[in-house]
Amino acid sequence: MGNNGSTRASRKPSGKPSRKPSRKKAADGVSRRALLIGGGAVAAAGTAAVLARDKAKRLWWRLPGVEKPRKPGELDYAGATWVAASEANWRRADRPDDFTIDLVIIHVTQGSFDSAVKVFQDPAHQAATHYIVGQDGRVVQMIRELDVAYHAGNRAYNERAVGIEHEGFVDRPKDLTKAMYASSARLTASVCARHDIPIDREHIIGHVEVPGTDHTDPGPHWDWDRYLELVRRAAAAPPSPSPSPSVKA
């Protein structure tokens with residue numbers, strides 16, 4: 001055959017037993033397969049350690065006697081003024097790390113702006129929203145968005161929602177002013193941007209739509225088409241919130 005072929009020439013037995021080629025071992029006597037398996041185990045252990053460390057970093061504040069650092073009066077929305085609600089009307093959380101925020105719930109106060117602020121400061125009320133929007137467009141924030149406000153009448157919805165009250169009565173369409181709609185829309189657009197919430201009727205809902213609730217707000221005069229259009233416009237516009245007028249605590 002040609003150069004690419006192979007031939008076997010007969011050889012006389014040498015009288016010595018044949019020896020198989022020895023397999024090379026790693027310098028420390030461990031096979032390559034063992035090294036590969038061991039290396040994979042080390043890598044997996046390293047990944048698990050990193051994940052455990054990251055989880056511990058997020059959850060350290062839940063240990064007994066430890067509280068996550070808070071800055072008094074810190075705002076989530078720059079266009080608001082801070083007035084703290086009673087601690088009896090909300091509970092500490094670390095949203096969205098512990099509960100995903102995917103809803104905005106629209107409320108109407110059934111009273112004045114000042115009366116809503118007052119009752120949310122009352123520990124006996126046992127309810128409050130994160131924000132209140134006035135008929136003149138002013139916004140007050142009373143609970144941080146990372147915390148769970150008692151506003152929906154449904155625990156699961158409280159844990160996943162930001163609640164926004166609006167000054168007025170559900171049976172008085174004149175209470176739903178142009179300034180209120182515009183200011184609330186900017187606020188809701190900001191909340192949706194922070195938490196990646198879609199701007200639609202599945203994720204921006206009325207209190208009346210919460211399962212198990214007996215509330216009717218925001219009522220039949222709330223213009224959902226108008227409101228969602230304003231939210232979308234606000235979301236598309238450059239962020240430029242102006243400070244709200246001061247609110248007496």
# chains A, B, ... in the order shown; residues from 1 in each chain; ligands from 1

$ select_by_dssp --residues "stretch 40-226 of chain A" --states "strand (DSSP E or B)" --output "NGL selection string"
:A and (81-82 or 90-91 or 103-106 or 111 or 131-133 or 139-141 or 148-149 or 161-166 or 168 or 204-206)

$ write_last_selection --atoms "N, CA and C atoms" --output "PDB file, in the first residue's frame"
ATOM      1  N   THR A  81     -44.350  66.005  49.681  1.00  0.00           N
ATOM      2  CA  THR A  81     -43.905  66.469  50.989  1.00  0.00           C
ATOM      3  C   THR A  81     -44.099  65.324  51.967  1.00  0.00           C
ATOM      4  N   TRP A  82     -43.158  65.138  52.887  1.00  0.00           N
ATOM      5  CA  TRP A  82     -43.241  64.021  53.810  1.00  0.00           C
ATOM      6  C   TRP A  82     -44.017  64.384  55.072  1.00  0.00           C
ATOM      7  N   TRP A  90     -49.220  50.727  59.123  1.00  0.00           N
ATOM      8  CA  TRP A  90     -48.381  50.092  58.102  1.00  0.00           C
ATOM      9  C   TRP A  90     -47.393  49.174  58.812  1.00  0.00           C
ATOM     10  N   ARG A  91     -46.689  48.357  58.029  1.00  0.00           N
ATOM     11  CA  ARG A  91     -45.655  47.508  58.622  1.00  0.00           C
ATOM     12  C   ARG A  91     -44.390  47.548  57.775  1.00  0.00           C
ATOM     13  N   LEU A 103     -48.652  46.690  41.429  1.00  0.00           N
ATOM     14  CA  LEU A 103     -49.963  47.335  41.359  1.00  0.00           C
ATOM     15  C   LEU A 103     -49.904  48.755  41.913  1.00  0.00           C
ATOM     16  N   VAL A 104     -50.730  49.617  41.335  1.00  0.00           N
ATOM     17  CA  VAL A 104     -51.051  50.912  41.933  1.00  0.00           C
ATOM     18  C   VAL A 104     -52.553  50.902  42.172  1.00  0.00           C
ATOM     19  N   ILE A 105     -52.968  51.203  43.404  1.00  0.00           N
ATOM     20  CA  ILE A 105     -54.398  51.201  43.729  1.00  0.00           C
ATOM     21  C   ILE A 105     -54.861  52.626  43.984  1.00  0.00           C
ATOM     22  N   ILE A 106     -55.889  53.022  43.250  1.00  0.00           N
ATOM     23  CA  ILE A 106     -56.434  54.376  43.311  1.00  0.00           C
ATOM     24  C   ILE A 106     -57.590  54.431  44.306  1.00  0.00           C
ATOM     25  N   GLY A 111     -63.467  62.646  52.017  1.00  0.00           N
ATOM     26  CA  GLY A 111     -63.225  63.712  52.982  1.00  0.00           C
ATOM     27  C   GLY A 111     -62.201  64.674  52.433  1.00  0.00           C
ATOM     28  N   TYR A 131     -49.561  57.590  49.624  1.00  0.00           N
ATOM     29  CA  TYR A 131     -49.641  58.979  49.170  1.00  0.00           C
ATOM     30  C   TYR A 131     -51.071  59.506  49.282  1.00  0.00           C
ATOM     31  N   ILE A 132     -51.161  60.832  49.383  1.00  0.00           N
ATOM     32  CA  ILE A 132     -52.445  61.532  49.242  1.00  0.00           C
ATOM     33  C   ILE A 132     -52.229  62.655  48.231  1.00  0.00           C
ATOM     34  N   VAL A 133     -53.158  62.784  47.285  1.00  0.00           N
ATOM     35  CA  VAL A 133     -53.110  63.857  46.291  1.00  0.00           C
ATOM     36  C   VAL A 133     -54.289  64.788  46.526  1.00  0.00           C
ATOM     37  N   VAL A 139     -49.052  66.878  46.809  1.00  0.00           N
ATOM     38  CA  VAL A 139     -48.868  65.459  47.121  1.00  0.00           C
ATOM     39  C   VAL A 139     -48.142  65.338  48.458  1.00  0.00           C
ATOM     40  N   VAL A 140     -48.659  64.494  49.325  1.00  0.00           N
ATOM     41  CA  VAL A 140     -47.969  64.164  50.561  1.00  0.00           C
ATOM     42  C   VAL A 140     -47.680  62.671  50.560  1.00  0.00           C
ATOM     43  N   GLN A 141     -46.452  62.306  50.965  1.00  0.00           N
ATOM     44  CA  GLN A 141     -46.112  60.902  51.147  1.00  0.00           C
ATOM     45  C   GLN A 141     -46.093  60.624  52.635  1.00  0.00           C
ATOM     46  N   VAL A 148     -45.228  48.148  53.683  1.00  0.00           N
ATOM     47  CA  VAL A 148     -46.579  47.694  53.361  1.00  0.00           C
ATOM     48  C   VAL A 148     -47.597  48.569  54.085  1.00  0.00           C
ATOM     49  N   ALA A 149     -48.382  49.297  53.321  1.00  0.00           N
ATOM     50  CA  ALA A 149     -49.440  50.134  53.896  1.00  0.00           C
ATOM     51  C   ALA A 149     -50.730  49.331  53.990  1.00  0.00           C
ATOM     52  N   ALA A 161     -48.895  46.341  46.382  1.00  0.00           N
ATOM     53  CA  ALA A 161     -49.403  47.579  45.801  1.00  0.00           C
ATOM     54  C   ALA A 161     -48.870  48.828  46.480  1.00  0.00           C
ATOM     55  N   VAL A 162     -48.864  49.911  45.718  1.00  0.00           N
ATOM     56  CA  VAL A 162     -48.686  51.265  46.245  1.00  0.00           C
ATOM     57  C   VAL A 162     -50.061  51.924  46.211  1.00  0.00           C
ATOM     58  N   GLY A 163     -50.488  52.469  47.344  1.00  0.00           N
ATOM     59  CA  GLY A 163     -51.812  53.083  47.431  1.00  0.00           C
ATOM     60  C   GLY A 163     -51.758  54.599  47.338  1.00  0.00           C
ATOM     61  N   ILE A 164     -52.667  55.180  46.549  1.00  0.00           N
ATOM     62  CA  ILE A 164     -52.732  56.630  46.365  1.00  0.00           C
ATOM     63  C   ILE A 164     -54.153  57.108  46.636  1.00  0.00           C
ATOM     64  N   GLU A 165     -54.317  57.940  47.655  1.00  0.00           N
ATOM     65  CA  GLU A 165     -55.608  58.565  47.961  1.00  0.00           C
ATOM     66  C   GLU A 165     -55.764  59.870  47.183  1.00  0.00           C
ATOM     67  N   HIS A 166     -57.015  60.233  46.901  1.00  0.00           N
ATOM     68  CA  HIS A 166     -57.332  61.481  46.213  1.00  0.00           C
ATOM     69  C   HIS A 166     -58.417  62.213  46.992  1.00  0.00           C
ATOM     70  N   GLY A 168     -61.545  64.101  48.067  1.00  0.00           N
ATOM     71  CA  GLY A 168     -62.868  64.304  47.501  1.00  0.00           C
ATOM     72  C   GLY A 168     -63.858  63.232  47.901  1.00  0.00           C
ATOM     73  N   ILE A 204     -53.044  49.152  37.196  1.00  0.00           N
ATOM     74  CA  ILE A 204     -53.485  50.386  37.856  1.00  0.00           C
ATOM     75  C   ILE A 204     -54.991  50.236  38.043  1.00  0.00           C
ATOM     76  N   ILE A 205     -55.395  49.996  39.274  1.00  0.00           N
ATOM     77  CA  ILE A 205     -56.780  49.611  39.528  1.00  0.00           C
ATOM     78  C   ILE A 205     -57.403  50.489  40.610  1.00  0.00           C
ATOM     79  N   GLY A 206     -58.720  50.399  40.733  1.00  0.00           N
ATOM     80  CA  GLY A 206     -59.429  51.107  41.787  1.00  0.00           C
ATOM     81  C   GLY A 206     -59.592  50.228  43.017  1.00  0.00           C
TER      82      GLY A 206
END

$ residues_around --residues "A:Gly212" --least-positions-apart "4" --cutoff "10 Å" --atoms "only C-alpha atoms" --output "number ranges by chain"
A: 152-154, 208

$ write_last_selection --atoms "N, CA and C atoms" --output "CSV table (one decimal), in the first residue's frame"
chain,number,residue,atom,x,y,z
A,152,ALA,N,-55.7,48.4,51.2
A,152,ALA,CA,-56.5,47.7,50.2
A,152,ALA,C,-57.6,46.8,50.9
A,153,GLY,N,-57.5,46.5,52.2
A,153,GLY,CA,-58.5,45.6,52.8
A,153,GLY,C,-58.2,44.1,52.3
A,154,ASN,N,-57.0,43.9,51.8
A,154,ASN,CA,-56.7,42.5,51.3
A,154,ASN,C,-55.2,42.4,51.5
A,208,VAL,N,-62.2,49.6,44.5
A,208,VAL,CA,-63.4,48.8,44.3
A,208,VAL,C,-63.1,47.4,43.7

$ select_by_dssp --residues "stretch 41-238 of chain A" --states "alpha helix (DSSP H)" --output "ChimeraX atom specification"
/A:41-59,113-120,155-160,178-195,224-236

$ residues_around --residues "A:Arg70" --least-positions-apart "6" --cutoff "12 Å" --atoms "only C-alpha atoms" --output "MDAnalysis selection string"
chainID A and resid 61 92:94 143:144 146:147

$ write_last_selection --atoms "all heavy atoms" --output "PDB file, in the first residue's frame"
ATOM      1  N   TRP A  61     -30.851  42.345  57.974  1.00  0.00           N
ATOM      2  CA  TRP A  61     -31.636  43.246  58.808  1.00  0.00           C
ATOM      3  C   TRP A  61     -32.846  42.555  59.425  1.00  0.00           C
ATOM      4  O   TRP A  61     -33.487  43.097  60.323  1.00  0.00           O
ATOM      5  CB  TRP A  61     -32.091  44.448  57.993  1.00  0.00           C
ATOM      6  CG  TRP A  61     -32.878  44.079  56.775  1.00  0.00           C
ATOM      7  CD1 TRP A  61     -32.405  43.787  55.543  1.00  0.00           C
ATOM      8  CD2 TRP A  61     -34.288  43.945  56.677  1.00  0.00           C
ATOM      9  NE1 TRP A  61     -33.418  43.469  54.678  1.00  0.00           N
ATOM     10  CE2 TRP A  61     -34.592  43.562  55.356  1.00  0.00           C
ATOM     11  CE3 TRP A  61     -35.339  44.103  57.585  1.00  0.00           C
ATOM     12  CZ2 TRP A  61     -35.884  43.351  54.921  1.00  0.00           C
ATOM     13  CZ3 TRP A  61     -36.626  43.888  57.139  1.00  0.00           C
ATOM     14  CH2 TRP A  61     -36.888  43.523  55.820  1.00  0.00           C
ATOM     15  N   ARG A  92     -43.274  47.375  58.480  1.00  0.00           N
ATOM     16  CA  ARG A  92     -41.978  47.435  57.816  1.00  0.00           C
ATOM     17  C   ARG A  92     -41.795  46.261  56.853  1.00  0.00           C
ATOM     18  O   ARG A  92     -42.214  45.150  57.127  1.00  0.00           O
ATOM     19  CB  ARG A  92     -40.846  47.418  58.845  1.00  0.00           C
ATOM     20  CG  ARG A  92     -40.672  48.741  59.567  1.00  0.00           C
ATOM     21  CD  ARG A  92     -39.522  48.661  60.554  1.00  0.00           C
ATOM     22  NE  ARG A  92     -39.364  49.929  61.247  1.00  0.00           N
ATOM     23  CZ  ARG A  92     -38.555  50.908  60.848  1.00  0.00           C
ATOM     24  NH1 ARG A  92     -37.825  50.736  59.767  1.00  0.00           N
ATOM     25  NH2 ARG A  92     -38.465  52.043  61.524  1.00  0.00           N
ATOM     26  N   ALA A  93     -41.161  46.567  55.734  1.00  0.00           N
ATOM     27  CA  ALA A  93     -40.846  45.538  54.744  1.00  0.00           C
ATOM     28  C   ALA A  93     -39.595  45.978  54.000  1.00  0.00           C
ATOM     29  O   ALA A  93     -38.963  46.975  54.360  1.00  0.00           O
ATOM     30  CB  ALA A  93     -42.027  45.334  53.792  1.00  0.00           C
ATOM     31  N   ASP A  94     -39.259  45.239  52.977  1.00  0.00           N
ATOM     32  CA  ASP A  94     -38.123  45.587  52.129  1.00  0.00           C
ATOM     33  C   ASP A  94     -38.507  45.335  50.676  1.00  0.00           C
ATOM     34  O   ASP A  94     -37.816  44.640  49.953  1.00  0.00           O
ATOM     35  CB  ASP A  94     -36.885  44.778  52.521  1.00  0.00           C
ATOM     36  CG  ASP A  94     -35.631  45.253  51.796  1.00  0.00           C
ATOM     37  OD1 ASP A  94     -35.576  46.439  51.428  1.00  0.00           O
ATOM     38  OD2 ASP A  94     -34.722  44.442  51.582  1.00  0.00           O
ATOM     39  N   ILE A 143     -46.002  57.058  53.840  1.00  0.00           N
ATOM     40  CA  ILE A 143     -45.399  55.741  54.069  1.00  0.00           C
ATOM     41  C   ILE A 143     -44.425  55.482  52.926  1.00  0.00           C
ATOM     42  O   ILE A 143     -44.726  55.792  51.762  1.00  0.00           O
ATOM     43  CB  ILE A 143     -46.475  54.629  54.109  1.00  0.00           C
ATOM     44  CG1 ILE A 143     -47.484  54.893  55.232  1.00  0.00           C
ATOM     45  CG2 ILE A 143     -45.847  53.246  54.275  1.00  0.00           C
ATOM     46  CD1 ILE A 143     -48.719  54.008  55.175  1.00  0.00           C
ATOM     47  N   ARG A 144     -43.269  54.917  53.239  1.00  0.00           N
ATOM     48  CA  ARG A 144     -42.306  54.587  52.196  1.00  0.00           C
ATOM     49  C   ARG A 144     -42.858  53.480  51.293  1.00  0.00           C
ATOM     50  O   ARG A 144     -43.573  52.593  51.746  1.00  0.00           O
ATOM     51  CB  ARG A 144     -40.986  54.110  52.823  1.00  0.00           C
ATOM     52  CG  ARG A 144     -40.185  55.188  53.527  1.00  0.00           C
ATOM     53  CD  ARG A 144     -39.634  56.217  52.554  1.00  0.00           C
ATOM     54  NE  ARG A 144     -38.884  55.587  51.482  1.00  0.00           N
ATOM     55  CZ  ARG A 144     -37.602  55.181  51.592  1.00  0.00           C
ATOM     56  NH1 ARG A 144     -36.953  55.320  52.726  1.00  0.00           N
ATOM     57  NH2 ARG A 144     -36.994  54.633  50.555  1.00  0.00           N
ATOM     58  N   LEU A 146     -41.264  51.050  50.080  1.00  0.00           N
ATOM     59  CA  LEU A 146     -40.722  49.742  50.434  1.00  0.00           C
ATOM     60  C   LEU A 146     -41.502  49.083  51.571  1.00  0.00           C
ATOM     61  O   LEU A 146     -41.385  47.871  51.787  1.00  0.00           O
ATOM     62  CB  LEU A 146     -39.240  49.858  50.809  1.00  0.00           C
ATOM     63  CG  LEU A 146     -38.821  50.414  52.166  1.00  0.00           C
ATOM     64  CD1 LEU A 146     -37.334  50.113  52.406  1.00  0.00           C
ATOM     65  CD2 LEU A 146     -39.048  51.897  52.277  1.00  0.00           C
ATOM     66  N   ASP A 147     -42.336  49.854  52.269  1.00  0.00           N
ATOM     67  CA  ASP A 147     -43.129  49.306  53.368  1.00  0.00           C
ATOM     68  C   ASP A 147     -44.559  48.987  52.914  1.00  0.00           C
ATOM     69  O   ASP A 147     -45.045  49.505  51.904  1.00  0.00           O
ATOM     70  CB  ASP A 147     -43.168  50.295  54.534  1.00  0.00           C
ATOM     71  CG  ASP A 147     -41.804  50.435  55.191  1.00  0.00           C
ATOM     72  OD1 ASP A 147     -41.095  49.422  55.323  1.00  0.00           O
ATOM     73  OD2 ASP A 147     -41.432  51.571  55.563  1.00  0.00           O
TER      74      ASP A 147
END

$ closest_residue --among "A:Asp225, A:Leu230, A:Ala85, A:Pro123" --to "A:Thr188" --atoms "only C-alpha atoms"
A:Leu230

$ closest_atom_pairs --of "stretch 80-135 of chain A" --to "stretch 195-198 of chain A" --cutoff "8 Å" --atoms "only C-alpha atoms" --output "Markdown table"
| residue | atom | partner | partner_atom | distance |
| --- | --- | --- | --- | --- |
| A:Pro96 | CA | A:His195 | CA | 7.9 |
| A:Ile101 | CA | A:His195 | CA | 6.3 |
| A:Asp102 | CA | A:Ile197 | CA | 5.4 |
| A:Leu103 | CA | A:Ile197 | CA | 6.9 |
